Every structure is written in C-alpha cells, then in structure tokens.
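Structure file data.cif; described as mmCIF, C-alpha atoms.
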data_input
loop_
_atom_site.group_PDB
_atom_site.id
_atom_site.type_symbol
_atom_site.label_atom_id
_atom_site.label_comp_id
_atom_site.auth_asym_id
_atom_site.auth_seq_id
_atom_site.Cartn_x
_atom_site.Cartn_y
_atom_site.Cartn_z
ATOM 1 C CA MET A 1 -60.534 -6.934 11.641
ATOM 2 C CA ASN A 2 -63.524 -8.978 10.548
ATOM 3 C CA GLU A 3 -66.123 -6.300 10.825
ATOM 4 C CA ASN A 4 -64.273 -3.317 9.468
ATOM 5 C CA LEU A 5 -62.764 -4.987 6.433
ATOM 6 C CA PHE A 6 -66.064 -4.641 4.605
ATOM 7 C CA SER A 7 -67.294 -1.515 6.319
ATOM 8 C CA SER A 8 -65.992 0.702 3.543
ATOM 9 C CA PHE A 9 -68.492 -0.894 1.175
ATOM 10 C CA ILE A 10 -71.702 -0.160 3.067
ATOM 11 C CA THR A 11 -73.915 2.585 1.750
ATOM 12 C CA PRO A 12 -72.903 5.818 3.421
ATOM 13 C CA VAL A 13 -75.488 7.298 5.735
ATOM 14 C CA VAL A 14 -74.680 10.458 7.683
ATOM 15 C CA MET A 15 -77.010 11.142 10.600
ATOM 16 C CA GLY A 16 -79.782 9.269 8.863
ATOM 17 C CA LEU A 17 -79.371 11.046 5.536
ATOM 18 C CA PRO A 18 -78.517 8.863 2.545
ATOM 19 C CA ILE A 19 -75.663 10.919 1.173
ATOM 20 C CA VAL A 20 -74.847 8.210 -1.360
ATOM 21 C CA ILE A 21 -76.761 10.377 -3.843
ATOM 22 C CA ALA A 22 -74.386 13.272 -3.225
ATOM 23 C CA ILE A 23 -71.373 10.987 -3.538
ATOM 24 C CA VAL A 24 -72.602 9.553 -6.842
ATOM 25 C CA MET A 25 -73.118 13.068 -8.217
ATOM 26 C CA PHE A 26 -69.785 14.377 -6.934
ATOM 27 C CA PRO A 27 -67.668 13.528 -10.033
ATOM 28 C CA SER A 28 -69.841 15.798 -12.141
ATOM 29 C CA ILE A 29 -68.288 18.793 -10.368
ATOM 30 C CA MET A 30 -64.933 17.766 -11.779
ATOM 31 C CA PHE A 31 -66.162 18.280 -15.361
ATOM 32 C CA PRO A 32 -67.175 21.904 -15.953
ATOM 33 C CA SER A 33 -68.869 22.678 -19.230
ATOM 34 C CA PRO A 34 -67.012 24.756 -21.821
ATOM 35 C CA SER A 35 -68.480 28.178 -22.410
ATOM 36 C CA ARG A 36 -65.985 29.822 -24.742
ATOM 37 C CA LEU A 37 -63.863 29.051 -27.754
ATOM 38 C CA ILE A 38 -60.663 28.973 -25.690
ATOM 39 C CA ASN A 39 -61.319 27.706 -22.169
ATOM 40 C CA ASN A 40 -59.323 27.333 -19.006
ATOM 41 C CA ARG A 41 -56.767 24.573 -18.686
ATOM 42 C CA LEU A 42 -59.007 22.068 -16.927
ATOM 43 C CA ILE A 43 -61.683 22.207 -19.605
ATOM 44 C CA SER A 44 -59.136 22.171 -22.432
ATOM 45 C CA ILE A 45 -57.470 19.023 -21.101
ATOM 46 C CA GLN A 46 -60.826 17.310 -20.691
ATOM 47 C CA GLN A 47 -61.966 18.335 -24.169
ATOM 48 C CA TRP A 48 -58.796 16.930 -25.701
ATOM 49 C CA LEU A 49 -59.196 13.650 -23.825
ATOM 50 C CA VAL A 50 -62.851 13.300 -24.770
ATOM 51 C CA GLN A 51 -62.117 13.966 -28.448
ATOM 52 C CA LEU A 52 -59.275 11.445 -28.438
ATOM 53 C CA THR A 53 -61.408 8.767 -26.812
ATOM 54 C CA SER A 54 -64.519 9.373 -28.861
ATOM 55 C CA LYS A 55 -62.676 9.245 -32.168
ATOM 56 C CA GLN A 56 -61.089 5.955 -31.230
ATOM 57 C CA MET A 57 -64.241 4.418 -29.879
ATOM 58 C CA LEU A 58 -66.742 5.519 -32.508
ATOM 59 C CA SER A 59 -64.641 4.786 -35.564
ATOM 60 C CA ILE A 60 -66.039 1.278 -35.903
ATOM 61 C CA HIS A 61 -69.688 2.283 -35.988
ATOM 62 C CA ASN A 62 -71.843 3.298 -38.901
ATOM 63 C CA GLN A 63 -74.158 6.293 -38.948
ATOM 64 C CA LYS A 64 -76.792 4.642 -36.816
ATOM 65 C CA GLY A 65 -74.352 3.446 -34.194
ATOM 66 C CA GLN A 66 -72.765 6.859 -33.895
ATOM 67 C CA THR A 67 -75.972 8.306 -32.449
ATOM 68 C CA TRP A 68 -74.892 6.536 -29.267
ATOM 69 C CA ALA A 69 -71.786 8.741 -28.995
ATOM 70 C CA LEU A 70 -73.058 10.840 -26.087
ATOM 71 C CA MET A 71 -74.134 7.769 -24.139
ATOM 72 C CA LEU A 72 -70.822 5.953 -24.576
ATOM 73 C CA MET A 73 -68.696 8.995 -23.783
ATOM 74 C CA SER A 74 -70.599 9.881 -20.645
ATOM 75 C CA LEU A 75 -70.451 6.227 -19.606
ATOM 76 C CA ILE A 76 -66.689 6.022 -19.844
ATOM 77 C CA LEU A 77 -66.273 9.398 -18.119
ATOM 78 C CA PHE A 78 -68.581 8.408 -15.284
ATOM 79 C CA ILE A 79 -67.067 4.989 -14.629
ATOM 80 C CA GLY A 80 -63.504 6.266 -15.000
ATOM 81 C CA SER A 81 -63.941 9.234 -12.687
ATOM 82 C CA THR A 82 -65.895 7.236 -10.097
ATOM 83 C CA ASN A 83 -63.247 4.513 -10.000
ATOM 84 C CA LEU A 84 -60.399 7.008 -9.741
ATOM 85 C CA LEU A 85 -62.098 8.963 -6.956
ATOM 86 C CA GLY A 86 -62.560 5.685 -5.096
ATOM 87 C CA LEU A 87 -58.795 5.364 -4.796
ATOM 88 C CA LEU A 88 -58.634 8.358 -2.450
ATOM 89 C CA PRO A 89 -58.365 7.403 1.236
ATOM 90 C CA HIS A 90 -61.605 6.623 3.069
ATOM 91 C CA SER A 91 -63.812 7.352 0.072
ATOM 92 C CA PHE A 92 -66.853 5.372 -1.033
ATOM 93 C CA THR A 93 -66.908 3.968 -4.567
ATOM 94 C CA PRO A 94 -70.394 3.583 -5.995
ATOM 95 C CA THR A 95 -69.205 1.099 -8.623
ATOM 96 C CA THR A 96 -68.484 -1.477 -5.927
ATOM 97 C CA GLN A 97 -72.219 -1.887 -5.473
ATOM 98 C CA LEU A 98 -73.649 -4.575 -7.708
ATOM 99 C CA SER A 99 -76.993 -2.804 -7.719
ATOM 100 C CA MET A 100 -75.575 0.218 -9.476
ATOM 101 C CA ASN A 101 -73.613 -1.774 -12.035
ATOM 102 C CA LEU A 102 -76.645 -3.879 -12.867
ATOM 103 C CA GLY A 103 -78.590 -0.667 -13.237
ATOM 104 C CA MET A 104 -76.046 0.521 -15.798
ATOM 105 C CA ALA A 105 -75.485 -2.740 -17.639
ATOM 106 C CA ILE A 106 -78.997 -4.106 -18.106
ATOM 107 C CA PRO A 107 -80.624 -1.055 -19.725
ATOM 108 C CA LEU A 108 -77.684 -0.477 -22.053
ATOM 109 C CA TRP A 109 -77.485 -4.087 -23.161
ATOM 110 C CA ALA A 110 -81.270 -4.290 -23.538
ATOM 111 C CA GLY A 111 -81.124 -1.111 -25.627
ATOM 112 C CA THR A 112 -78.670 -2.645 -28.058
ATOM 113 C CA VAL A 113 -80.633 -5.897 -28.348
ATOM 114 C CA ILE A 114 -83.966 -4.171 -28.882
ATOM 115 C CA THR A 115 -82.411 -1.850 -31.474
ATOM 116 C CA GLY A 116 -81.165 -4.904 -33.319
ATOM 117 C CA PHE A 117 -84.551 -6.620 -33.222
ATOM 118 C CA ARG A 118 -86.413 -3.550 -34.390
ATOM 119 C CA TYR A 119 -84.287 -2.612 -37.369
ATOM 120 C CA LYS A 120 -82.589 -5.791 -38.517
ATOM 121 C CA THR A 121 -84.792 -8.560 -37.189
ATOM 122 C CA LYS A 122 -83.525 -11.326 -39.426
ATOM 123 C CA ALA A 123 -79.879 -10.440 -38.952
ATOM 124 C CA SER A 124 -80.070 -10.281 -35.141
ATOM 125 C CA LEU A 125 -81.890 -13.595 -34.998
ATOM 126 C CA ALA A 126 -79.246 -14.991 -37.321
ATOM 127 C CA HIS A 127 -76.598 -14.247 -34.725
ATOM 128 C CA PHE A 128 -77.830 -17.228 -32.794
ATOM 129 C CA LEU A 129 -76.483 -19.614 -35.413
ATOM 130 C CA PRO A 130 -72.916 -19.182 -36.644
ATOM 131 C CA GLN A 131 -72.249 -20.061 -40.241
ATOM 132 C CA GLY A 132 -71.244 -23.534 -41.272
ATOM 133 C CA THR A 133 -72.344 -25.557 -38.274
ATOM 134 C CA PRO A 134 -73.125 -29.232 -38.814
ATOM 135 C CA ILE A 135 -76.867 -29.881 -38.858
ATOM 136 C CA PRO A 136 -77.073 -32.229 -35.826
ATOM 137 C CA LEU A 137 -75.504 -29.595 -33.610
ATOM 138 C CA ILE A 138 -78.007 -26.848 -34.422
ATOM 139 C CA PRO A 139 -80.497 -27.205 -31.511
ATOM 140 C CA MET A 140 -77.781 -27.346 -28.887
ATOM 141 C CA LEU A 141 -75.947 -24.434 -30.411
ATOM 142 C CA ILE A 142 -79.024 -22.233 -30.411
ATOM 143 C CA ILE A 143 -79.519 -22.919 -26.712
ATOM 144 C CA ILE A 144 -75.889 -22.107 -26.018
ATOM 145 C CA GLU A 145 -76.026 -18.892 -28.010
ATOM 146 C CA THR A 146 -79.183 -17.800 -26.200
ATOM 147 C CA ILE A 147 -77.557 -18.415 -22.847
ATOM 148 C CA SER A 148 -74.484 -16.490 -23.908
ATOM 149 C CA LEU A 149 -76.663 -13.597 -25.031
ATOM 150 C CA PHE A 150 -78.498 -13.376 -21.728
ATOM 151 C CA ILE A 151 -75.326 -13.636 -19.739
ATOM 152 C CA GLN A 152 -73.859 -10.510 -21.373
ATOM 153 C CA PRO A 153 -75.410 -7.918 -18.986
ATOM 154 C CA MET A 154 -74.662 -10.057 -15.939
ATOM 155 C CA ALA A 155 -71.055 -10.408 -17.026
ATOM 156 C CA LEU A 156 -70.742 -6.661 -17.624
ATOM 157 C CA ALA A 157 -72.035 -5.792 -14.162
ATOM 158 C CA VAL A 158 -70.274 -8.519 -12.216
ATOM 159 C CA ARG A 159 -66.959 -7.897 -13.993
ATOM 160 C CA LEU A 160 -66.906 -4.253 -12.969
ATOM 161 C CA THR A 161 -68.078 -4.911 -9.410
ATOM 162 C CA ALA A 162 -65.686 -7.765 -8.768
ATOM 163 C CA ASN A 163 -62.621 -6.030 -10.180
ATOM 164 C CA ILE A 164 -63.063 -2.809 -8.243
ATOM 165 C CA THR A 165 -64.129 -4.522 -5.010
ATOM 166 C CA ALA A 166 -61.243 -6.986 -5.173
ATOM 167 C CA GLY A 167 -58.758 -4.198 -5.751
ATOM 168 C CA HIS A 168 -60.030 -2.192 -2.788
ATOM 169 C CA LEU A 169 -60.013 -5.236 -0.522
ATOM 170 C CA LEU A 170 -56.433 -6.091 -1.482
ATOM 171 C CA ILE A 171 -55.306 -2.568 -0.711
ATOM 172 C CA HIS A 172 -57.018 -2.732 2.701
ATOM 173 C CA LEU A 173 -55.501 -6.119 3.508
ATOM 174 C CA ILE A 174 -51.953 -5.375 2.406
ATOM 175 C CA GLY A 175 -52.027 -1.981 4.088
ATOM 176 C CA GLY A 176 -53.180 -3.595 7.313
ATOM 177 C CA ALA A 177 -50.486 -6.241 6.985
ATOM 178 C CA THR A 178 -47.815 -3.570 6.542
ATOM 179 C CA LEU A 179 -48.943 -1.787 9.686
ATOM 180 C CA ALA A 180 -49.061 -4.992 11.695
ATOM 181 C CA LEU A 181 -45.638 -6.092 10.530
ATOM 182 C CA MET A 182 -43.932 -2.822 11.383
ATOM 183 C CA ASN A 183 -43.396 -3.728 15.017
ATOM 184 C CA ILE A 184 -42.347 -7.300 14.284
ATOM 185 C CA SER A 185 -39.811 -7.008 11.484
ATOM 186 C CA THR A 186 -39.096 -3.777 9.628
ATOM 187 C CA ILE A 187 -37.637 -5.404 6.525
ATOM 188 C CA THR A 188 -40.755 -7.506 5.927
ATOM 189 C CA ALA A 189 -42.831 -4.397 6.418
ATOM 190 C CA ALA A 190 -40.716 -2.594 3.816
ATOM 191 C CA VAL A 191 -41.252 -5.408 1.328
ATOM 192 C CA THR A 192 -44.976 -5.332 2.004
ATOM 193 C CA PHE A 193 -44.930 -1.592 1.526
ATOM 194 C CA ILE A 194 -43.333 -1.954 -1.880
ATOM 195 C CA ILE A 195 -46.042 -4.467 -2.762
ATOM 196 C CA LEU A 196 -48.604 -1.885 -1.667
ATOM 197 C CA ILE A 197 -47.080 0.759 -3.934
ATOM 198 C CA LEU A 198 -47.140 -1.597 -6.916
ATOM 199 C CA LEU A 199 -50.713 -2.541 -6.121
ATOM 200 C CA THR A 200 -51.764 1.101 -6.008
ATOM 201 C CA ILE A 201 -50.236 1.719 -9.429
ATOM 202 C CA LEU A 202 -52.133 -1.310 -10.680
ATOM 203 C CA GLU A 203 -55.346 -0.003 -9.179
ATOM 204 C CA PHE A 204 -55.002 3.277 -11.040
ATOM 205 C CA ALA A 205 -54.653 1.355 -14.253
ATOM 206 C CA VAL A 206 -57.535 -0.959 -13.383
ATOM 207 C CA ALA A 207 -59.810 1.957 -12.641
ATOM 208 C CA LEU A 208 -59.335 3.317 -16.124
ATOM 209 C CA ILE A 209 -59.239 -0.022 -17.867
ATOM 210 C CA GLN A 210 -62.495 -1.190 -16.346
ATOM 211 C CA ALA A 211 -64.233 1.918 -17.577
ATOM 212 C CA TYR A 212 -62.812 1.308 -21.013
ATOM 213 C CA VAL A 213 -63.770 -2.335 -21.106
ATOM 214 C CA PHE A 214 -67.328 -1.665 -20.017
ATOM 215 C CA THR A 215 -67.803 0.960 -22.656
ATOM 216 C CA LEU A 216 -66.046 -1.063 -25.320
ATOM 217 C CA LEU A 217 -68.250 -4.047 -24.764
ATOM 218 C CA VAL A 218 -71.421 -1.970 -24.876
ATOM 219 C CA SER A 219 -70.236 -0.474 -28.137
ATOM 220 C CA LEU A 220 -69.463 -3.933 -29.460
ATOM 221 C CA TYR A 221 -72.943 -5.159 -28.652
ATOM 222 C CA LEU A 222 -74.183 -2.038 -30.389
ATOM 223 C CA HIS A 223 -72.100 -2.756 -33.453
ATOM 224 C CA ASP A 224 -73.561 -6.200 -33.726
ATOM 225 C CA ASN A 225 -77.034 -4.823 -33.663
ATOM 226 C CA THR A 226 -76.973 -1.754 -35.902
ATOM 227 C CA MET B 1 -78.443 49.738 16.790
ATOM 228 C CA ALA B 2 -79.812 51.937 14.060
ATOM 229 C CA SER B 3 -77.892 51.526 10.810
ATOM 230 C CA VAL B 4 -77.707 53.895 7.903
ATOM 231 C CA VAL B 5 -77.833 51.065 5.310
ATOM 232 C CA PRO B 6 -80.891 48.768 5.672
ATOM 233 C CA LEU B 7 -80.055 45.403 7.223
ATOM 234 C CA LYS B 8 -81.330 43.426 4.268
ATOM 235 C CA GLU B 9 -78.589 44.458 1.873
ATOM 236 C CA LYS B 10 -75.507 44.223 4.056
ATOM 237 C CA LYS B 11 -72.851 41.632 3.462
ATOM 238 C CA LEU B 12 -71.929 39.349 6.353
ATOM 239 C CA LEU B 13 -68.682 41.105 7.239
ATOM 240 C CA ASP B 14 -70.461 44.464 7.551
ATOM 241 C CA VAL B 15 -73.159 43.225 9.928
ATOM 242 C CA LYS B 16 -72.625 44.238 13.527
ATOM 243 C CA LEU B 17 -72.552 41.453 16.116
ATOM 244 C CA GLY B 18 -75.794 42.520 17.780
ATOM 245 C CA GLU B 19 -77.618 42.490 14.452
ATOM 246 C CA LEU B 20 -76.430 38.971 13.611
ATOM 247 C CA PRO B 21 -79.528 36.969 14.707
ATOM 248 C CA SER B 22 -81.897 39.183 12.747
ATOM 249 C CA TRP B 23 -79.596 39.061 9.718
ATOM 250 C CA ILE B 24 -79.555 35.239 9.823
ATOM 251 C CA LEU B 25 -83.327 35.098 10.169
ATOM 252 C CA MET B 26 -83.681 37.448 7.229
ATOM 253 C CA ARG B 27 -81.834 35.091 4.825
ATOM 254 C CA ASP B 28 -83.726 33.106 2.209
ATOM 255 C CA PHE B 29 -84.173 29.508 3.392
ATOM 256 C CA THR B 30 -86.532 28.355 0.674
ATOM 257 C CA PRO B 31 -85.189 25.575 -1.614
ATOM 258 C CA LYS B 32 -84.624 28.147 -4.318
ATOM 259 C CA GLY B 33 -82.661 30.304 -1.903
ATOM 260 C CA ILE B 34 -80.493 27.415 -0.741
ATOM 261 C CA ALA B 35 -79.855 26.370 -4.350
ATOM 262 C CA GLY B 36 -78.878 29.962 -5.098
ATOM 263 C CA ALA B 37 -76.444 29.935 -2.191
ATOM 264 C CA PHE B 38 -74.794 26.728 -3.443
ATOM 265 C CA GLN B 39 -74.584 28.145 -6.942
ATOM 266 C CA ARG B 40 -72.991 31.385 -5.740
ATOM 267 C CA GLY B 41 -70.484 29.477 -3.650
ATOM 268 C CA TYR B 42 -69.599 27.151 -6.513
ATOM 269 C CA TYR B 43 -69.038 29.966 -8.956
ATOM 270 C CA ARG B 44 -67.025 31.949 -6.429
ATOM 271 C CA TYR B 45 -64.603 29.014 -6.042
ATOM 272 C CA TYR B 46 -64.613 28.135 -9.735
ATOM 273 C CA ASN B 47 -63.875 31.653 -10.956
ATOM 274 C CA LYS B 48 -61.149 32.170 -8.418
ATOM 275 C CA TYR B 49 -59.171 28.945 -8.825
ATOM 276 C CA VAL B 50 -60.146 27.075 -11.979
ATOM 277 C CA ASN B 51 -61.477 29.477 -14.588
ATOM 278 C CA VAL B 52 -58.225 31.437 -14.890
ATOM 279 C CA LYS B 53 -55.785 31.726 -17.715
ATOM 280 C CA LYS B 54 -52.982 29.786 -16.081
ATOM 281 C CA GLY B 55 -54.715 27.623 -13.535
ATOM 282 C CA GLY B 56 -52.656 25.027 -11.771
ATOM 283 C CA VAL B 57 -53.216 21.798 -9.932
ATOM 284 C CA ALA B 58 -54.279 23.696 -6.786
ATOM 285 C CA GLY B 59 -57.814 24.303 -8.000
ATOM 286 C CA ILE B 60 -58.792 20.691 -8.295
ATOM 287 C CA SER B 61 -56.560 19.282 -5.545
ATOM 288 C CA MET B 62 -58.190 21.505 -2.908
ATOM 289 C CA VAL B 63 -61.530 19.989 -3.861
ATOM 290 C CA LEU B 64 -60.119 16.477 -3.596
ATOM 291 C CA ALA B 65 -58.519 17.211 -0.220
ATOM 292 C CA ALA B 66 -61.856 18.515 1.075
ATOM 293 C CA TYR B 67 -63.499 15.323 -0.253
ATOM 294 C CA VAL B 68 -60.990 13.160 1.662
ATOM 295 C CA VAL B 69 -61.577 15.111 4.881
ATOM 296 C CA PHE B 70 -65.347 14.855 4.432
ATOM 297 C CA ASN B 71 -65.116 11.085 4.019
ATOM 298 C CA TYR B 72 -62.862 10.848 7.063
ATOM 299 C CA PHE B 73 -65.526 12.579 9.145
ATOM 300 C CA ARG B 74 -68.065 10.193 7.733
ATOM 301 C CA CYS B 75 -66.113 7.044 8.753
ATOM 302 C CA TYR B 76 -64.742 8.346 12.033
ATOM 303 C CA LYS B 77 -66.889 6.045 14.117
ATOM 304 C CA GLU B 78 -65.307 2.900 12.669
ATOM 305 C CA LEU B 79 -61.845 4.387 12.360
ATOM 306 C CA LYS B 80 -61.470 5.376 15.994
ATOM 307 C CA HIS B 81 -61.193 1.722 16.963
ATOM 308 C CA GLU B 82 -58.071 1.367 14.855
ATOM 309 C CA ARG B 83 -55.981 3.980 16.631
ATOM 310 C CA LEU B 84 -52.820 2.951 18.460
ATOM 311 C CA ARG B 85 -54.128 3.250 22.007
ATOM 312 C CA LYS B 86 -53.985 1.040 25.028
ATOM 313 C CA TYR B 87 -57.674 1.504 25.871
ATOM 314 C CA HIS B 88 -60.160 2.003 23.060
#

Would you put the structure from the file into structure tokens?
Amino acid sequence: MNENLFSSFITPVVMGLPIVIAIVMFPSIMFPSPSRLINNRLISIQQWLVQLTSKQMLSIHNQKGQTWALMLMSLILFIGSTNLLGLLPHSFTPTTQLSMNLGMAIPLWAGTVITGFRYKTKASLAHFLPQGTPIPLIPMLIIIETISLFIQPMALAVRLTANITAGHLLIHLIGGATLALMNISTITAAVTFIILILLTILEFAVALIQAYVFTLLVSLYLHDNT
Amino acid sequence: MASVVPLKEKKLLDVKLGELPSWILMRDFTPKGIAGAFQRGYYRYYNKYVNVKKGGVAGISMVLAAYVVFNYFRCYKELKHERLRKYH
C-alpha cells in the first residue's frame, strides 16, 4: 500500500518514451475549432460556454486588460479540462505536478507585474503602501507588502497542486478502504462507499472551481496592474 | 500475383495476402507521412461521429473510454499486484 499510493503521480513513461507530452496535449482533441456559422453540437456547446465565461470574467477589465482575453480563456479551459480528465480511472493528471503549475503561474504573474511597472510605474509602486497608514508603521508595512507580492505566484501554483493532489489521494484511500472493508463488515463498506460517491461529486466541483480560481486570481492581478 | 491495378494505389482491404509485405513497405514512413496518417484517421473519426447534425454523447465518450483503456495498459505493471489472488 505504501508504494502504490503515490505511483499514480509519477511521470508516465511507456517503454522509455516520455508520453507525458501526449497526455498534456490530449485535452486539445476535445475542443475542435469551429469552421462554419452553425456547427455541430459539441462545438456549439463549447462556444456557448466560452462566451458565457469570457463575458463574466472580462467585464471588470478596461480596454488594456481585455487584450488578455485569449490567455485567460485558454487558461481556464486547459486547467478545467485537465482536472476533469484526471478524474477518469487510472489517468494521469498533469496539474498534480508542481513543476507544471509553477510553469503556468510564474510567467503569468510576472507578466501582470511587469505590465504594471511599464505603464503605470507610480501606481504599481504605490500598491506597496495602503492609504492612511500611521507613519511609524511604514517600513514594516512595505516589507510585508513586498513579501505578499512575491508569494502570489507560489500561492497560485501550490494551491492548485495541493487541491488536486489531495483530492486524488483521498479518492484512492477511501476506495481502498471500501474494498478492504467489504469482507469484514458489509454495512461499514456501504457507508464508506457513500462517502466515496460524495467525495467524487466534490472532486468534480473542485476540478472546475480550481480552474476558475486560478484564472480569476490572474485576472485580478492583471486588473491591479492595468 | 500480377494485379490489374498497380499496388501503390490499392486500399488495404483490396490488397491480396501475398502482396501485403510489399504494400506495407511501400507506405510513407517519413514524419510527414505519419502526420498525414494521424490527420486522416482523426478526420475520419471526427466526421463520422462528432461533426454530424445530431451528434450524441457517443462521439466523445468513445474517445474517453479509449483513453481509460490506454491508461490501464500503461499502469498494468503496478495494478497486477492488487488483484485478488492467492499468489501474486
């Protein structure tokens, strides 16, 4: 039990080939590109969802922030679809790897900060000091604000990794407990099975919510800086 | 095994069994050829099951089922220790 609890999180290698690249690119097959005015049902449903999400997410930005629309929409589609595909049995979820989440979070956060420094230098530096602070507190507050700025990308990446990994581990553990309890006491196994069903429903929600939160926070950092 | 139609243009189901090795060797194994094969296969599936007027859930669920089976093959080595057997 010790070794194979974490074996679903190792990078998949088939006969020496790193097929993790193929698995990361797999969700893109689920999103065909529209070629006509009226498309097939799959594309129409996806178009409707993307329009709904983009209107809601981009309404708070001004003209400059809305140039990030493509980036934010593809981000939420990628994270959402990758998390949902990870709920299938035996599949590998790329978002459980901290390396990938850091690779997504750090460039996006750095992009928002650098945009802020380039175009509104005084205003983005002014974020370090909230209005109306007593004068003796100023040095300490600037240090605290700097730390909280630099922790933003780490928090983005670690939040996504930890949530998805924890959810997968819980499903593994409770599923294993259900199987082990079946021979001992069927009623306890039935209770554990109901817990497993509730947990799976939660995991579906978490998959989508994590995508949303990631994208929302990136857009918030963008809003501060444009 | 003389054929009326040249071997190069026959489809797989028309090739006679004795001609099969030479037909396989004749195929295009360059990267461009392999990419073309993947593209043809993708569009064959897409146009048959997804790109139709009243497509259903079958088009995408077959892909997901194949994905699950593929991942099962990938993890088989670790999974075979968890079977209910007396001797592993």

- Message: Should the cut-off be 12 Å, what would the residue list for chain A against chain B look like, counting only C-alpha atoms, as a PyMOL selection string?
- Response: chain A and resi 1+3-20+22-23+26-27+29-36+38-45+84-93+176+179-180

- Message: Residues near A:Ile194, anyone? I mean within 12 Å using only C-alpha atoms, not counting same-chain ones fewer than 6 positions away, as a ChimeraX atom specification.
- Response: /A:174-175,178,187-188,200-201

- Message: I'd like to know which of A:Gln47, A:Ala157, A:Ile164, A:Leu52 is closest to A:Leu108, using only C-alpha atoms.
- Response: A:Ala157

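In this structure, atom CA of A:Thr53 sits 9.2 Å away from atom CA of A:Ile76.
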
- Suppose you want the space between atom CA of A:Thr215 and atom CA of A:Gln63; what is it in Å? 18.3 Å

- What does the distance between atom CA of A:Leu196 and atom CA of A:Met182 come to in Å, to one decimal place? 13.9 Å

- Task: Evaluate the PyMOL selection byres ((chain A and resi 134-150) around 12) here and jot the selected residues down as a PyMOL selection string.
- Result: chain A and resi 105-106+109-110+112-113+124-133+151-156+221+224

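Nearest residue to A:Met104 among A:Met25, A:Leu160, A:Leu70, A:Ile60 is A:Leu160, counting all atoms listed in the file.
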
On this structure, the PyMOL selection byres ((chain A and resi 211) around 12) would catch which residues? List them as a PDB file with C-alpha atoms, in the coordinates of the input, sorted by chain and number.
ATOM      1  CA  THR A  53     -61.408   8.767 -26.812  1.00  0.00           C
ATOM      2  CA  LEU A  72     -70.822   5.953 -24.576  1.00  0.00           C
ATOM      3  CA  MET A  73     -68.696   8.995 -23.783  1.00  0.00           C
ATOM      4  CA  SER A  74     -70.599   9.881 -20.645  1.00  0.00           C
ATOM      5  CA  LEU A  75     -70.451   6.227 -19.606  1.00  0.00           C
ATOM      6  CA  ILE A  76     -66.689   6.022 -19.844  1.00  0.00           C
ATOM      7  CA  LEU A  77     -66.273   9.398 -18.119  1.00  0.00           C
ATOM      8  CA  PHE A  78     -68.581   8.408 -15.284  1.00  0.00           C
ATOM      9  CA  ILE A  79     -67.067   4.989 -14.629  1.00  0.00           C
ATOM     10  CA  GLY A  80     -63.504   6.266 -15.000  1.00  0.00           C
ATOM     11  CA  SER A  81     -63.941   9.234 -12.687  1.00  0.00           C
ATOM     12  CA  THR A  82     -65.895   7.236 -10.097  1.00  0.00           C
ATOM     13  CA  ASN A  83     -63.247   4.513 -10.000  1.00  0.00           C
ATOM     14  CA  LEU A  84     -60.399   7.008  -9.741  1.00  0.00           C
ATOM     15  CA  THR A  95     -69.205   1.099  -8.623  1.00  0.00           C
ATOM     16  CA  ASN A 101     -73.613  -1.774 -12.035  1.00  0.00           C
ATOM     17  CA  LEU A 156     -70.742  -6.661 -17.624  1.00  0.00           C
ATOM     18  CA  ALA A 157     -72.035  -5.792 -14.162  1.00  0.00           C
ATOM     19  CA  ARG A 159     -66.959  -7.897 -13.993  1.00  0.00           C
ATOM     20  CA  LEU A 160     -66.906  -4.253 -12.969  1.00  0.00           C
ATOM     21  CA  THR A 161     -68.078  -4.911  -9.410  1.00  0.00           C
ATOM     22  CA  ASN A 163     -62.621  -6.030 -10.180  1.00  0.00           C
ATOM     23  CA  ILE A 164     -63.063  -2.809  -8.243  1.00  0.00           C
ATOM     24  CA  PHE A 204     -55.002   3.277 -11.040  1.00  0.00           C
ATOM     25  CA  ALA A 205     -54.653   1.355 -14.253  1.00  0.00           C
ATOM     26  CA  VAL A 206     -57.535  -0.959 -13.383  1.00  0.00           C
ATOM     27  CA  ALA A 207     -59.810   1.957 -12.641  1.00  0.00           C
ATOM     28  CA  LEU A 208     -59.335   3.317 -16.124  1.00  0.00           C
ATOM     29  CA  ILE A 209     -59.239  -0.022 -17.867  1.00  0.00           C
ATOM     30  CA  GLN A 210     -62.495  -1.190 -16.346  1.00  0.00           C
ATOM     31  CA  TYR A 212     -62.812   1.308 -21.013  1.00  0.00           C
ATOM     32  CA  VAL A 213     -63.770  -2.335 -21.106  1.00  0.00           C
ATOM     33  CA  PHE A 214     -67.328  -1.665 -20.017  1.00  0.00           C
ATOM     34  CA  THR A 215     -67.803   0.960 -22.656  1.00  0.00           C
ATOM     35  CA  LEU A 216     -66.046  -1.063 -25.320  1.00  0.00           C
ATOM     36  CA  LEU A 217     -68.250  -4.047 -24.764  1.00  0.00           C
ATOM     37  CA  VAL A 218     -71.421  -1.970 -24.876  1.00  0.00           C
TER      38      VAL A 218
END

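Across the chains present, the PyMOL selection byres ((chain B and resi 27) around 12) applied to this file returns Leu7, Lys8, Glu9, Lys10, Lys11, Leu12, Leu20, Pro21, Ser22, Trp23, Ile24, Leu25, Met26, Asp28, Phe29, Thr30, Pro31, Lys32, Gly33, Ile34, Gly36 and Ala37 of chain B.
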
N, CA and C atoms are what I want for stretch 187-196 of chain A; can you complete it accordingly and write them as a short mmCIF file (atom, residue, chain, number, x, y, z; two decimals), keeping the file's coordinate frame?
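Now in out.cif:
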data_model
loop_
_atom_site.label_atom_id
_atom_site.label_comp_id
_atom_site.auth_asym_id
_atom_site.auth_seq_id
_atom_site.Cartn_x
_atom_site.Cartn_y
_atom_site.Cartn_z
N ILE A 187 -37.97 -5.10 7.93
CA ILE A 187 -37.64 -5.40 6.52
C ILE A 187 -38.85 -6.02 5.83
N THR A 188 -39.55 -6.92 6.54
CA THR A 188 -40.76 -7.51 5.93
C THR A 188 -41.79 -6.43 5.68
N ALA A 189 -41.88 -5.48 6.61
CA ALA A 189 -42.83 -4.40 6.42
C ALA A 189 -42.44 -3.55 5.21
N ALA A 190 -41.14 -3.37 4.99
CA ALA A 190 -40.72 -2.59 3.82
C ALA A 190 -41.07 -3.32 2.53
N VAL A 191 -40.88 -4.64 2.52
CA VAL A 191 -41.25 -5.41 1.33
C VAL A 191 -42.74 -5.31 1.07
N THR A 192 -43.52 -5.44 2.17
CA THR A 192 -44.98 -5.33 2.00
C THR A 192 -45.36 -3.95 1.52
N PHE A 193 -44.61 -2.94 1.96
CA PHE A 193 -44.93 -1.59 1.53
C PHE A 193 -44.67 -1.41 0.04
N ILE A 194 -43.60 -2.05 -0.44
CA ILE A 194 -43.33 -1.95 -1.88
C ILE A 194 -44.44 -2.66 -2.66
N ILE A 195 -44.91 -3.79 -2.11
CA ILE A 195 -46.04 -4.47 -2.76
C ILE A 195 -47.25 -3.55 -2.80
N LEU A 196 -47.46 -2.80 -1.71
CA LEU A 196 -48.60 -1.88 -1.67
C LEU A 196 -48.49 -0.81 -2.73
#
